[in-house]
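Participant: My structure is stored as work_15.cif, with mmCIF, C-alpha atoms.
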```
data_run
loop_
_atom_site.group_PDB
_atom_site.id
_atom_site.type_symbol
_atom_site.label_atom_id
_atom_site.label_comp_id
_atom_site.auth_asym_id
_atom_site.auth_seq_id
_atom_site.Cartn_x
_atom_site.Cartn_y
_atom_site.Cartn_z
ATOM 1 C CA MET A 19 -14.394 15.223 14.176
ATOM 2 C CA LYS A 20 -14.555 16.862 10.744
ATOM 3 C CA ILE A 21 -12.537 14.772 8.306
ATOM 4 C CA GLY A 22 -11.774 15.401 4.667
ATOM 5 C CA PHE A 23 -10.919 12.203 2.791
ATOM 6 C CA ILE A 24 -9.424 12.257 -0.706
ATOM 7 C CA GLY A 25 -8.899 9.047 -2.665
ATOM 8 C CA LEU A 26 -11.591 6.361 -2.806
ATOM 9 C CA GLY A 27 -9.800 3.546 -4.596
ATOM 10 C CA ASN A 28 -9.427 -0.076 -3.511
ATOM 11 C CA MET A 29 -7.853 1.000 -0.227
ATOM 12 C CA GLY A 30 -9.400 4.399 0.408
ATOM 13 C CA ARG A 31 -12.990 3.340 -0.221
ATOM 14 C CA PRO A 32 -13.292 1.005 2.805
ATOM 15 C CA MET A 33 -11.097 3.264 4.927
ATOM 16 C CA ALA A 34 -13.442 6.217 4.429
ATOM 17 C CA ARG A 35 -16.415 3.961 5.137
ATOM 18 C CA HIS A 36 -14.940 2.912 8.503
ATOM 19 C CA LEU A 37 -14.522 6.557 9.510
ATOM 20 C CA ILE A 38 -18.133 7.358 8.609
ATOM 21 C CA LEU A 39 -19.435 4.340 10.526
ATOM 22 C CA ALA A 40 -17.351 5.420 13.515
ATOM 23 C CA GLY A 41 -19.452 8.590 13.682
ATOM 24 C CA HIS A 42 -17.145 11.173 12.143
ATOM 25 C CA ASP A 43 -18.304 14.018 9.925
ATOM 26 C CA VAL A 44 -16.658 12.957 6.665
ATOM 27 C CA THR A 45 -16.392 14.897 3.412
ATOM 28 C CA VAL A 46 -15.076 12.922 0.445
ATOM 29 C CA HIS A 47 -13.521 13.610 -2.934
ATOM 30 C CA ASP A 48 -12.159 11.413 -5.702
ATOM 31 C CA ALA A 49 -11.324 11.805 -9.365
ATOM 32 C CA ARG A 50 -14.372 9.586 -10.029
ATOM 33 C CA SER A 51 -17.593 10.811 -8.453
ATOM 34 C CA GLU A 52 -19.161 7.345 -8.708
ATOM 35 C CA ALA A 53 -16.560 6.059 -6.241
ATOM 36 C CA ALA A 54 -18.371 7.967 -3.489
ATOM 37 C CA LEU A 55 -21.881 6.538 -3.926
ATOM 38 C CA GLU A 56 -21.502 4.140 -1.010
ATOM 39 C CA HIS A 57 -20.213 6.890 1.255
ATOM 40 C CA LEU A 58 -22.992 9.314 0.381
ATOM 41 C CA GLY A 59 -25.486 6.619 1.266
ATOM 42 C CA LEU A 60 -23.884 6.405 4.710
ATOM 43 C CA GLY A 61 -24.093 10.154 5.295
ATOM 44 C CA ALA A 62 -20.850 11.554 3.910
ATOM 45 C CA ARG A 63 -20.764 14.793 1.933
ATOM 46 C CA TRP A 64 -19.353 14.917 -1.618
ATOM 47 C CA VAL A 65 -17.369 17.903 -2.913
ATOM 48 C CA ASP A 66 -16.072 18.495 -6.418
ATOM 49 C CA ASP A 67 -12.493 19.520 -5.698
ATOM 50 C CA PRO A 68 -9.635 18.867 -3.238
ATOM 51 C CA ALA A 69 -9.588 22.405 -1.867
ATOM 52 C CA THR A 70 -13.221 22.268 -0.769
ATOM 53 C CA CYS A 71 -12.599 18.871 0.809
ATOM 54 C CA ALA A 72 -9.772 20.296 2.909
ATOM 55 C CA ASP A 73 -11.492 23.570 3.800
ATOM 56 C CA GLY A 74 -12.715 23.492 7.401
ATOM 57 C CA ALA A 75 -11.449 19.962 8.077
ATOM 58 C CA ASP A 76 -9.839 19.155 11.402
ATOM 59 C CA VAL A 77 -8.012 16.315 9.646
ATOM 60 C CA LEU A 78 -7.389 15.803 5.940
ATOM 61 C CA ILE A 79 -6.571 12.212 4.954
ATOM 62 C CA THR A 80 -5.173 11.455 1.516
ATOM 63 C CA MET A 81 -4.981 7.918 0.095
ATOM 64 C CA LEU A 82 -3.650 8.327 -3.429
ATOM 65 C CA PRO A 83 -1.904 6.104 -5.977
ATOM 66 C CA THR A 84 1.366 7.931 -6.668
ATOM 67 C CA PRO A 85 3.546 10.738 -5.275
ATOM 68 C CA ARG A 86 2.717 12.835 -8.344
ATOM 69 C CA VAL A 87 -0.996 12.605 -7.596
ATOM 70 C CA VAL A 88 -0.350 13.527 -3.956
ATOM 71 C CA GLU A 89 1.515 16.623 -5.094
ATOM 72 C CA ASP A 90 -1.146 17.528 -7.669
ATOM 73 C CA VAL A 91 -3.965 17.212 -5.129
ATOM 74 C CA LEU A 92 -2.213 19.171 -2.394
ATOM 75 C CA LEU A 93 -0.659 21.903 -4.545
ATOM 76 C CA CYS A 94 -2.426 22.161 -7.913
ATOM 77 C CA GLY A 95 -5.742 21.072 -6.399
ATOM 78 C CA GLY A 96 -5.431 23.613 -3.601
ATOM 79 C CA ALA A 97 -5.936 21.241 -0.680
ATOM 80 C CA ALA A 98 -2.816 22.398 1.167
ATOM 81 C CA GLU A 99 -3.725 26.073 0.818
ATOM 82 C CA ALA A 100 -7.270 25.383 2.050
ATOM 83 C CA LEU A 101 -6.164 23.732 5.303
ATOM 84 C CA GLN A 102 -6.666 25.997 8.287
ATOM 85 C CA PRO A 103 -4.095 26.641 11.058
ATOM 86 C CA GLY A 104 -4.190 23.779 13.528
ATOM 87 C CA ALA A 105 -5.432 21.261 10.965
ATOM 88 C CA LEU A 106 -3.619 17.958 10.508
ATOM 89 C CA TRP A 107 -2.795 16.439 7.120
ATOM 90 C CA ILE A 108 -2.346 12.639 7.260
ATOM 91 C CA ASP A 109 -1.007 11.206 4.022
ATOM 92 C CA MET A 110 -1.637 7.449 3.981
ATOM 93 C CA SER A 111 -0.413 7.025 0.397
ATOM 94 C CA THR A 112 2.771 5.192 -0.512
ATOM 95 C CA SER A 113 4.668 8.347 -1.382
ATOM 96 C CA THR A 114 8.046 9.950 -0.699
ATOM 97 C CA PRO A 115 9.463 12.375 1.880
ATOM 98 C CA ALA A 116 10.493 14.702 -0.960
ATOM 99 C CA VAL A 117 6.891 15.310 -2.047
ATOM 100 C CA ALA A 118 5.727 16.015 1.500
ATOM 101 C CA ARG A 119 8.647 18.418 1.985
ATOM 102 C CA ARG A 120 7.678 20.296 -1.170
ATOM 103 C CA VAL A 121 4.080 20.601 -0.004
ATOM 104 C CA ALA A 122 5.222 21.758 3.422
ATOM 105 C CA GLY A 123 7.812 24.160 2.070
ATOM 106 C CA GLU A 124 5.526 25.784 -0.479
ATOM 107 C CA VAL A 125 2.327 26.009 1.558
ATOM 108 C CA LEU A 126 2.159 24.466 5.035
ATOM 109 C CA ASP A 127 5.242 25.713 6.858
ATOM 110 C CA GLY A 128 4.643 28.811 8.944
ATOM 111 C CA ARG A 129 0.841 28.444 8.799
ATOM 112 C CA GLY A 130 0.429 26.117 11.767
ATOM 113 C CA VAL A 131 -0.724 23.171 9.659
ATOM 114 C CA ARG A 132 0.661 19.866 10.921
ATOM 115 C CA ARG A 133 1.395 16.679 8.979
ATOM 116 C CA LEU A 134 1.926 12.964 9.422
ATOM 117 C CA ASP A 135 2.930 10.417 6.828
ATOM 118 C CA ALA A 136 1.102 7.205 7.727
ATOM 119 C CA PRO A 137 1.205 4.697 4.847
ATOM 120 C CA VAL A 138 -0.333 1.286 5.324
ATOM 121 C CA SER A 139 0.190 -2.412 4.676
ATOM 122 C CA GLY A 140 -2.357 -5.190 4.675
ATOM 123 C CA MET A 141 -3.768 -5.004 1.143
ATOM 124 C CA ALA A 142 -7.409 -4.438 0.294
ATOM 125 C CA ARG A 143 -8.445 -7.237 2.667
ATOM 126 C CA GLY A 144 -6.968 -5.325 5.603
ATOM 127 C CA ALA A 145 -8.637 -2.108 4.504
ATOM 128 C CA GLU A 146 -12.008 -3.862 4.318
ATOM 129 C CA ALA A 147 -11.558 -5.455 7.741
ATOM 130 C CA GLY A 148 -10.114 -2.352 9.412
ATOM 131 C CA THR A 149 -6.966 -4.284 10.345
ATOM 132 C CA LEU A 150 -4.307 -2.405 8.411
ATOM 133 C CA GLN A 151 -0.750 -2.020 9.622
ATOM 134 C CA ILE A 152 0.084 1.687 9.811
ATOM 135 C CA PHE A 153 3.544 3.255 9.987
ATOM 136 C CA ALA A 154 3.442 6.905 11.033
ATOM 137 C CA GLY A 155 6.186 9.476 10.739
ATOM 138 C CA GLY A 156 5.960 12.906 12.318
ATOM 139 C CA ASP A 157 5.649 14.691 15.644
ATOM 140 C CA ALA A 158 4.880 12.345 18.543
ATOM 141 C CA ASP A 159 2.118 14.606 19.895
ATOM 142 C CA ASP A 160 0.444 14.712 16.487
ATOM 143 C CA PHE A 161 0.650 10.933 16.319
ATOM 144 C CA ARG A 162 -1.016 10.578 19.724
ATOM 145 C CA GLU A 163 -3.783 12.948 18.619
ATOM 146 C CA ALA A 164 -4.330 10.980 15.411
ATOM 147 C CA LEU A 165 -4.176 7.564 17.079
ATOM 148 C CA PRO A 166 -7.948 7.190 17.717
ATOM 149 C CA LEU A 167 -8.579 7.758 13.998
ATOM 150 C CA LEU A 168 -5.824 5.383 12.982
ATOM 151 C CA GLU A 169 -7.259 2.719 15.284
ATOM 152 C CA VAL A 170 -10.523 2.895 13.338
ATOM 153 C CA LEU A 171 -8.558 1.939 10.228
ATOM 154 C CA GLY A 172 -5.922 -0.427 11.546
ATOM 155 C CA ASP A 173 -4.995 -3.092 14.053
ATOM 156 C CA PRO A 174 -4.070 -1.217 17.281
ATOM 157 C CA GLU A 175 -1.210 -3.674 17.841
ATOM 158 C CA LYS A 176 0.253 -2.830 14.430
ATOM 159 C CA ILE A 177 0.036 0.960 14.427
ATOM 160 C CA LEU A 178 3.570 2.212 14.944
ATOM 161 C CA HIS A 179 5.148 5.624 15.340
ATOM 162 C CA VAL A 180 8.374 5.046 13.417
ATOM 163 C CA GLY A 181 10.087 8.413 13.815
ATOM 164 C CA ALA A 182 10.242 11.843 12.284
ATOM 165 C CA ALA A 183 8.358 13.137 9.261
ATOM 166 C CA GLY A 184 9.191 11.015 6.238
ATOM 167 C CA HIS A 185 10.085 7.881 8.183
ATOM 168 C CA GLY A 186 6.641 6.375 7.647
ATOM 169 C CA TYR A 187 7.110 6.623 3.875
ATOM 170 C CA THR A 188 10.553 5.035 4.160
ATOM 171 C CA VAL A 189 9.411 2.127 6.337
ATOM 172 C CA LYS A 190 6.516 1.389 3.984
ATOM 173 C CA LEU A 191 8.784 1.355 0.940
ATOM 174 C CA MET A 192 11.157 -1.036 2.718
ATOM 175 C CA ILE A 193 8.286 -3.349 3.683
ATOM 176 C CA ASN A 194 7.007 -3.420 0.110
ATOM 177 C CA LEU A 195 10.509 -3.927 -1.255
ATOM 178 C CA LEU A 196 11.179 -6.931 0.974
ATOM 179 C CA TRP A 197 7.772 -8.438 0.133
ATOM 180 C CA PHE A 198 8.372 -8.069 -3.597
ATOM 181 C CA CYS A 199 11.787 -9.698 -3.141
ATOM 182 C CA HIS A 200 10.002 -12.612 -1.436
ATOM 183 C CA VAL A 201 7.661 -12.929 -4.428
ATOM 184 C CA VAL A 202 10.565 -13.280 -6.841
ATOM 185 C CA ALA A 203 12.825 -15.401 -4.629
ATOM 186 C CA THR A 204 10.053 -17.848 -3.697
ATOM 187 C CA SER A 205 8.901 -18.141 -7.312
ATOM 188 C CA GLU A 206 12.427 -18.845 -8.513
ATOM 189 C CA VAL A 207 13.014 -21.508 -5.859
ATOM 190 C CA LEU A 208 9.700 -23.253 -6.573
ATOM 191 C CA ALA A 209 10.304 -23.143 -10.324
ATOM 192 C CA MET A 210 13.782 -24.629 -10.089
ATOM 193 C CA GLY A 211 12.710 -27.314 -7.619
ATOM 194 C CA VAL A 212 9.709 -28.569 -9.556
ATOM 195 C CA LYS A 213 11.530 -28.372 -12.904
ATOM 196 C CA ALA A 214 14.165 -30.635 -11.316
ATOM 197 C CA GLY A 215 11.415 -33.114 -10.508
ATOM 198 C CA VAL A 216 10.532 -32.448 -6.851
ATOM 199 C CA ASP A 217 6.815 -32.499 -6.023
ATOM 200 C CA LEU A 218 5.567 -28.959 -5.366
ATOM 201 C CA GLY A 219 3.871 -29.832 -2.084
ATOM 202 C CA VAL A 220 6.896 -31.743 -0.829
ATOM 203 C CA LEU A 221 9.188 -28.868 -1.780
ATOM 204 C CA ARG A 222 7.059 -26.304 0.026
ATOM 205 C CA SER A 223 6.842 -28.513 3.137
ATOM 206 C CA ALA A 224 10.609 -28.896 3.176
ATOM 207 C CA LEU A 225 11.158 -25.170 2.784
ATOM 208 C CA LEU A 226 8.740 -24.407 5.621
ATOM 209 C CA ALA A 227 10.588 -26.896 7.851
ATOM 210 C CA GLY A 228 13.948 -25.287 7.104
ATOM 211 C CA PRO A 229 15.717 -22.095 8.213
ATOM 212 C CA ALA A 230 14.544 -20.110 5.166
ATOM 213 C CA ALA A 231 10.832 -20.406 5.992
ATOM 214 C CA SER A 232 8.927 -17.150 5.511
ATOM 215 C CA HIS A 233 5.518 -15.630 6.090
ATOM 216 C CA PHE A 234 5.182 -15.297 2.328
ATOM 217 C CA LEU A 235 5.820 -18.987 1.724
ATOM 218 C CA GLU A 236 3.511 -20.033 4.560
ATOM 219 C CA HIS A 237 0.621 -17.628 4.016
ATOM 220 C CA ASP A 238 0.732 -15.151 1.118
ATOM 221 C CA VAL A 239 1.514 -17.662 -1.630
ATOM 222 C CA LEU A 240 -1.597 -19.666 -0.664
ATOM 223 C CA SER A 241 -3.720 -17.357 -2.800
ATOM 224 C CA ILE A 242 -1.910 -18.814 -5.819
ATOM 225 C CA LEU A 243 -1.425 -22.395 -4.629
ATOM 226 C CA VAL A 244 -5.099 -22.783 -3.690
ATOM 227 C CA ASP A 245 -7.058 -20.352 -5.853
ATOM 228 C CA GLY A 246 -4.789 -19.218 -8.680
ATOM 229 C CA ASP A 247 -5.334 -15.672 -7.371
ATOM 230 C CA TYR A 248 -2.538 -13.229 -8.268
ATOM 231 C CA ASP A 249 -4.135 -10.420 -6.185
ATOM 232 C CA ASP A 250 -5.757 -8.097 -8.701
ATOM 233 C CA SER A 251 -6.650 -5.745 -5.834
ATOM 234 C CA PHE A 252 -3.158 -4.242 -6.158
ATOM 235 C CA ALA A 253 -2.095 -3.662 -9.739
ATOM 236 C CA LEU A 254 1.330 -4.422 -11.169
ATOM 237 C CA VAL A 255 1.666 -0.825 -12.311
ATOM 238 C CA LEU A 256 1.522 0.256 -8.656
ATOM 239 C CA ALA A 257 3.951 -2.466 -7.583
ATOM 240 C CA CYS A 258 6.412 -1.256 -10.226
ATOM 241 C CA LYS A 259 5.899 2.308 -9.001
ATOM 242 C CA ASP A 260 6.757 1.295 -5.440
ATOM 243 C CA LEU A 261 9.825 -0.641 -6.562
ATOM 244 C CA GLY A 262 11.024 2.361 -8.545
ATOM 245 C CA LEU A 263 10.612 4.590 -5.493
ATOM 246 C CA ALA A 264 12.599 2.127 -3.365
ATOM 247 C CA VAL A 265 15.429 1.956 -5.897
ATOM 248 C CA ASP A 266 15.449 5.759 -6.085
ATOM 249 C CA LEU A 267 15.676 5.930 -2.292
ATOM 250 C CA GLY A 268 18.681 3.620 -2.320
ATOM 251 C CA ARG A 269 20.398 5.916 -4.792
ATOM 252 C CA ASP A 270 19.488 9.004 -2.768
ATOM 253 C CA VAL A 271 21.001 7.619 0.449
ATOM 254 C CA GLY A 272 24.026 6.088 -1.260
ATOM 255 C CA VAL A 273 23.177 2.401 -0.774
ATOM 256 C CA PRO A 274 23.612 0.204 -3.884
ATOM 257 C CA ALA A 275 20.255 -1.345 -4.721
ATOM 258 C CA GLU A 276 21.418 -4.054 -7.114
ATOM 259 C CA LEU A 277 19.038 -6.796 -5.938
ATOM 260 C CA SER A 278 16.168 -4.318 -5.699
ATOM 261 C CA ALA A 279 16.811 -3.147 -9.253
ATOM 262 C CA LEU A 280 16.760 -6.740 -10.527
ATOM 263 C CA VAL A 281 13.466 -7.449 -8.730
ATOM 264 C CA GLU A 282 12.051 -4.266 -10.254
ATOM 265 C CA GLN A 283 13.038 -5.470 -13.729
ATOM 266 C CA ILE A 284 11.315 -8.836 -13.207
ATOM 267 C CA PHE A 285 8.143 -7.039 -12.102
ATOM 268 C CA ARG A 286 8.351 -4.789 -15.154
ATOM 269 C CA ARG A 287 8.768 -7.851 -17.372
ATOM 270 C CA ALA A 288 5.583 -9.267 -15.845
ATOM 271 C CA LYS A 289 3.800 -5.950 -16.406
ATOM 272 C CA ALA A 290 4.823 -5.999 -20.073
ATOM 273 C CA ALA A 291 3.565 -9.579 -20.386
ATOM 274 C CA TYR A 292 0.292 -9.358 -18.453
ATOM 275 C CA GLY A 293 -0.640 -5.666 -18.431
ATOM 276 C CA ASP A 294 -0.673 -2.765 -16.006
ATOM 277 C CA LEU A 295 -3.744 -3.997 -14.151
ATOM 278 C CA ALA A 296 -2.577 -7.572 -13.595
ATOM 279 C CA GLY A 297 -2.230 -8.541 -9.947
ATOM 280 C CA GLU A 298 0.880 -7.739 -7.948
ATOM 281 C CA MET A 299 1.799 -11.441 -7.705
ATOM 282 C CA SER A 300 1.785 -11.883 -11.482
ATOM 283 C CA PRO A 301 5.584 -12.288 -11.600
ATOM 284 C CA VAL A 302 4.856 -15.790 -10.285
ATOM 285 C CA ARG A 303 3.247 -16.492 -13.653
ATOM 286 C CA LEU A 304 6.592 -15.926 -15.364
ATOM 287 C CA TYR A 305 8.170 -18.638 -13.250
ATOM 288 C CA GLU A 306 5.217 -20.965 -13.782
ATOM 289 C CA THR A 307 5.860 -20.620 -17.507
ATOM 290 C CA TRP A 308 9.553 -21.373 -17.080
ATOM 291 C CA ALA A 309 8.716 -24.358 -14.861
ATOM 292 C CA ALA A 310 6.155 -25.554 -17.445
ATOM 293 C CA GLN A 311 3.469 -25.973 -14.777
ATOM 294 C CA ASP A 312 1.115 -23.912 -12.648
ATOM 295 C CA PHE A 313 1.906 -23.782 -8.937
ATOM 296 C CA ARG A 314 -1.270 -25.402 -7.576
ATOM 297 C CA LEU A 315 -1.918 -27.721 -4.660
ATOM 298 C CA PRO A 316 -5.186 -29.289 -3.488
ATOM 299 C CA PHE A 317 -6.658 -27.279 -0.624
ATOM 300 C CA PRO A 318 -6.501 -30.001 2.098
ATOM 301 C CA ALA A 319 -2.887 -30.747 1.258
ATOM 302 C CA VAL A 320 -1.926 -27.083 1.599
ATOM 303 C CA ARG A 321 -3.607 -26.710 4.978
ATOM 304 C CA ALA A 322 -1.983 -29.922 6.232
ATOM 305 C CA VAL A 323 1.497 -28.454 5.878
#
```
As structure tokens, please, write out the structure in this file.
Facilitator:
Amino acid sequence: MKIGFIGLGNMGRPMARHLILAGHDVTVHDARSEAALEHLGLGARWVDDPATCADGADVLITMLPTPRVVEDVLLCGGAAEALQPGALWIDMSTSTPAVARRVAGEVLDGRGVRRLDAPVSGMARGAEAGTLQIFAGGDADDFREALPLLEVLGDPEKILHVGAAGHGYTVKLMINLLWFCHVVATSEVLAMGVKAGVDLGVLRSALLAGPAASHFLEHDVLSILVDGDYDDSFALVLACKDLGLAVDLGRDVGVPAELSALVEQIFRRAKAAYGDLAGEMSPVRLYETWAAQDFRLPFPAVRAV
């Protein structure tokens, strides 16, 4: 299959590689030409602009950092206009239904070009391993056609068709929002507990044994407890972008997003303190400061929980 792939960042780079290794005819484009060196070595073709990347493609996949970049690539960059009737655009970015509607309304509608929104979860590790979770919105027949490609990129058990066009974007924003809430809530609980004198390992064990246990507390926070790793593979500036989109969605649908807005402000405080490129779990560092200790446990003790 002829695939155009635009966006070779931390997530898109391994995703495009998987498609090449699966035997597809892949053409790539990115704002940075050096991002494609690995792919060219595997047989991909480089093009200098989005329109050329989309021209002649059976499927165009975009994996871009913000809704504005998605819109710029598809409209200003000419990718939408270059797609031929019958082609399928799969946007795997964390974007918004409004952007996709604008692209469709201005260019795609009436030309026989189809679209799916299929954002992903699983971080850079999942992209590297080809085990991403994928949440697709759009026509069911288009989803079934795209499924073999999606299974190259994700865990077949975690590739879901979640409804109509735009629903994939919404589900992804809700997943990110809940995860970011876990970051803040868990950090606050650990900070208060240890500042009150409870041993960190004992506190975590008690929380995991109780009704408020979570995947975040059991698994995700280990990167900090064991390695002091705040996950630089996903920058705080992007986390704040996603939180802003989620809060905007709440306003658009008439649901008060008071907790979400507070979590967004804590993430923005961390971004101001540690920089745009600090890892997405850097808000934990704020609570470590307030607790007057780093949240660290010896590796064997963590695994024994």
Participant: What would the selection look like, as a list in words, if the PyMOL selection byres ((chain A and resi 254) around 8) were run on the coordinates I just shared?
Facilitator: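 With the shown file as input, the PyMOL selection byres ((chain A and resi 254) around 8) matches Phe252, Ala253, Val255, Leu256, Ala257, Cys258, Phe285, Ala288, Lys289, Gly293, Asp294, Leu295, Ala296, Gly297, Glu298, Met299 and Ser300 of chain A.
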Participant: Can you list, as a list of chain:residue names, the residues that the PyMOL selection byres ((chain A and resi 62-64) around 10) selects here?
Facilitator: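 This file, filtered by the PyMOL selection byres ((chain A and resi 62-64) around 10), leaves A:Ile21, A:Gly22, A:Phe23, A:Ala34, A:Arg35, A:Leu37, A:Ile38, A:Leu39, A:His42, A:Asp43, A:Val44, A:Thr45, A:Val46, A:His47, A:Asp48, A:Ser51, A:Ala54, A:Leu55, A:Glu56, A:His57, A:Leu58, A:Gly59, A:Leu60, A:Gly61, A:Val65, A:Asp66, A:Asp67, A:Thr70, A:Cys71.
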Participant: Rank A:Ile79, A:Leu93, A:Leu243, A:Leu218 by their smallest atom-to-atom distance to Arg133 (chain A), using all atoms listed in the file, and report the top residue only.
Facilitator: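 The closest residue to Arg133 (chain A) is A:Ile79.
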Participant: Since I can't run it myself right now, could you work out what the PyMOL selection byres ((chain A and resi 247) around 12) selects here and report it as a list in words?
Facilitator: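 Written out, the selection comes to Asp238, Val239, Leu240, Ser241, Ile242, Leu243, Val244, Asp245, Gly246, Tyr248, Asp249, Asp250, Ser251, Phe252, Ala296, Gly297, Glu298, Met299, Ser300, Val302, Arg303, Asp312, Phe313 and Arg314 of chain A.
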Participant: Excluding Gly211 (chain A) and residues on its chain fewer than 3 positions from it, collect all residues at most 12 Å away from it, counting only C-alpha atoms, and give them as a tab-separated table (two decimals) with C-alpha atoms, in the coordinates of the input.
Facilitator:
```
chain	number	residue	atom	x	y	z
A	204	THR	CA	10.05	-17.85	-3.70
A	205	SER	CA	8.90	-18.14	-7.31
A	206	GLU	CA	12.43	-18.84	-8.51
A	207	VAL	CA	13.01	-21.51	-5.86
A	208	LEU	CA	9.70	-23.25	-6.57
A	214	ALA	CA	14.16	-30.64	-11.32
A	215	GLY	CA	11.42	-33.11	-10.51
A	216	VAL	CA	10.53	-32.45	-6.85
A	217	ASP	CA	6.82	-32.50	-6.02
A	218	LEU	CA	5.57	-28.96	-5.37
A	219	GLY	CA	3.87	-29.83	-2.08
A	220	VAL	CA	6.90	-31.74	-0.83
A	221	LEU	CA	9.19	-28.87	-1.78
A	222	ARG	CA	7.06	-26.30	0.03
A	224	ALA	CA	10.61	-28.90	3.18
A	225	LEU	CA	11.16	-25.17	2.78
A	305	TYR	CA	8.17	-18.64	-13.25
A	306	GLU	CA	5.22	-20.96	-13.78
A	308	TRP	CA	9.55	-21.37	-17.08
A	309	ALA	CA	8.72	-24.36	-14.86
A	310	ALA	CA	6.16	-25.55	-17.44
A	311	GLN	CA	3.47	-25.97	-14.78
A	313	PHE	CA	1.91	-23.78	-8.94
```
Participant: Quick one: everything within 9 Å of His200 (chain A), counting only C-alpha atoms, minus sequence neighbours fewer than 3 positions away in the same chain. Send it as a count of residues only.
Facilitator: 9
Participant: If we count all atoms listed in the file, what is near Leu150 (chain A) at a cut-off of 6 Å, once residues fewer than 3 positions away on the same chain are taken out, given as a PyMOL selection string?
Facilitator: chain A and resi 139-140+144-145+172-173
Participant: Would you mind completing region 207-221 of chain A so that it carries N, CA and C atoms, and writing it out as a PDB file, keeping the file's coordinate frame?
Facilitator:
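Output below, filename selection_25.pdb:
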```pdb
ATOM      1  N   VAL A 207      12.710 -20.256  -6.561  1.00  0.00           N
ATOM      2  CA  VAL A 207      13.014 -21.508  -5.859  1.00  0.00           C
ATOM      3  C   VAL A 207      12.006 -22.591  -6.226  1.00  0.00           C
ATOM      4  N   LEU A 208      10.716 -22.254  -6.217  1.00  0.00           N
ATOM      5  CA  LEU A 208       9.700 -23.253  -6.573  1.00  0.00           C
ATOM      6  C   LEU A 208       9.874 -23.720  -8.014  1.00  0.00           C
ATOM      7  N   ALA A 209      10.156 -22.776  -8.910  1.00  0.00           N
ATOM      8  CA  ALA A 209      10.304 -23.143 -10.324  1.00  0.00           C
ATOM      9  C   ALA A 209      11.483 -24.083 -10.529  1.00  0.00           C
ATOM     10  N   MET A 210      12.611 -23.766  -9.920  1.00  0.00           N
ATOM     11  CA  MET A 210      13.782 -24.629 -10.089  1.00  0.00           C
ATOM     12  C   MET A 210      13.543 -26.009  -9.487  1.00  0.00           C
ATOM     13  N   GLY A 211      12.932 -26.038  -8.288  1.00  0.00           N
ATOM     14  CA  GLY A 211      12.710 -27.314  -7.619  1.00  0.00           C
ATOM     15  C   GLY A 211      11.788 -28.237  -8.389  1.00  0.00           C
ATOM     16  N   VAL A 212      10.665 -27.691  -8.856  1.00  0.00           N
ATOM     17  CA  VAL A 212       9.709 -28.569  -9.556  1.00  0.00           C
ATOM     18  C   VAL A 212      10.223 -28.934 -10.944  1.00  0.00           C
ATOM     19  N   LYS A 213      10.962 -28.035 -11.588  1.00  0.00           N
ATOM     20  CA  LYS A 213      11.530 -28.372 -12.904  1.00  0.00           C
ATOM     21  C   LYS A 213      12.570 -29.483 -12.769  1.00  0.00           C
ATOM     22  N   ALA A 214      13.202 -29.561 -11.579  1.00  0.00           N
ATOM     23  CA  ALA A 214      14.165 -30.635 -11.316  1.00  0.00           C
ATOM     24  C   ALA A 214      13.484 -31.926 -10.891  1.00  0.00           C
ATOM     25  N   GLY A 215      12.149 -31.889 -10.764  1.00  0.00           N
ATOM     26  CA  GLY A 215      11.415 -33.114 -10.508  1.00  0.00           C
ATOM     27  C   GLY A 215      10.834 -33.289  -9.128  1.00  0.00           C
ATOM     28  N   VAL A 216      11.071 -32.336  -8.205  1.00  0.00           N
ATOM     29  CA  VAL A 216      10.532 -32.448  -6.851  1.00  0.00           C
ATOM     30  C   VAL A 216       9.054 -32.070  -6.858  1.00  0.00           C
ATOM     31  N   ASP A 217       8.240 -32.827  -6.150  1.00  0.00           N
ATOM     32  CA  ASP A 217       6.815 -32.499  -6.023  1.00  0.00           C
ATOM     33  C   ASP A 217       6.655 -31.135  -5.349  1.00  0.00           C
ATOM     34  N   LEU A 218       5.742 -30.321  -5.878  1.00  0.00           N
ATOM     35  CA  LEU A 218       5.567 -28.959  -5.366  1.00  0.00           C
ATOM     36  C   LEU A 218       5.207 -28.954  -3.886  1.00  0.00           C
ATOM     37  N   GLY A 219       4.269 -29.795  -3.483  1.00  0.00           N
ATOM     38  CA  GLY A 219       3.871 -29.832  -2.084  1.00  0.00           C
ATOM     39  C   GLY A 219       4.992 -30.280  -1.173  1.00  0.00           C
ATOM     40  N   VAL A 220       5.756 -31.265  -1.613  1.00  0.00           N
ATOM     41  CA  VAL A 220       6.896 -31.743  -0.829  1.00  0.00           C
ATOM     42  C   VAL A 220       7.947 -30.644  -0.698  1.00  0.00           C
ATOM     43  N   LEU A 221       8.198 -29.951  -1.796  1.00  0.00           N
ATOM     44  CA  LEU A 221       9.188 -28.868  -1.780  1.00  0.00           C
ATOM     45  C   LEU A 221       8.774 -27.771  -0.809  1.00  0.00           C
TER      46      LEU A 221
END
```
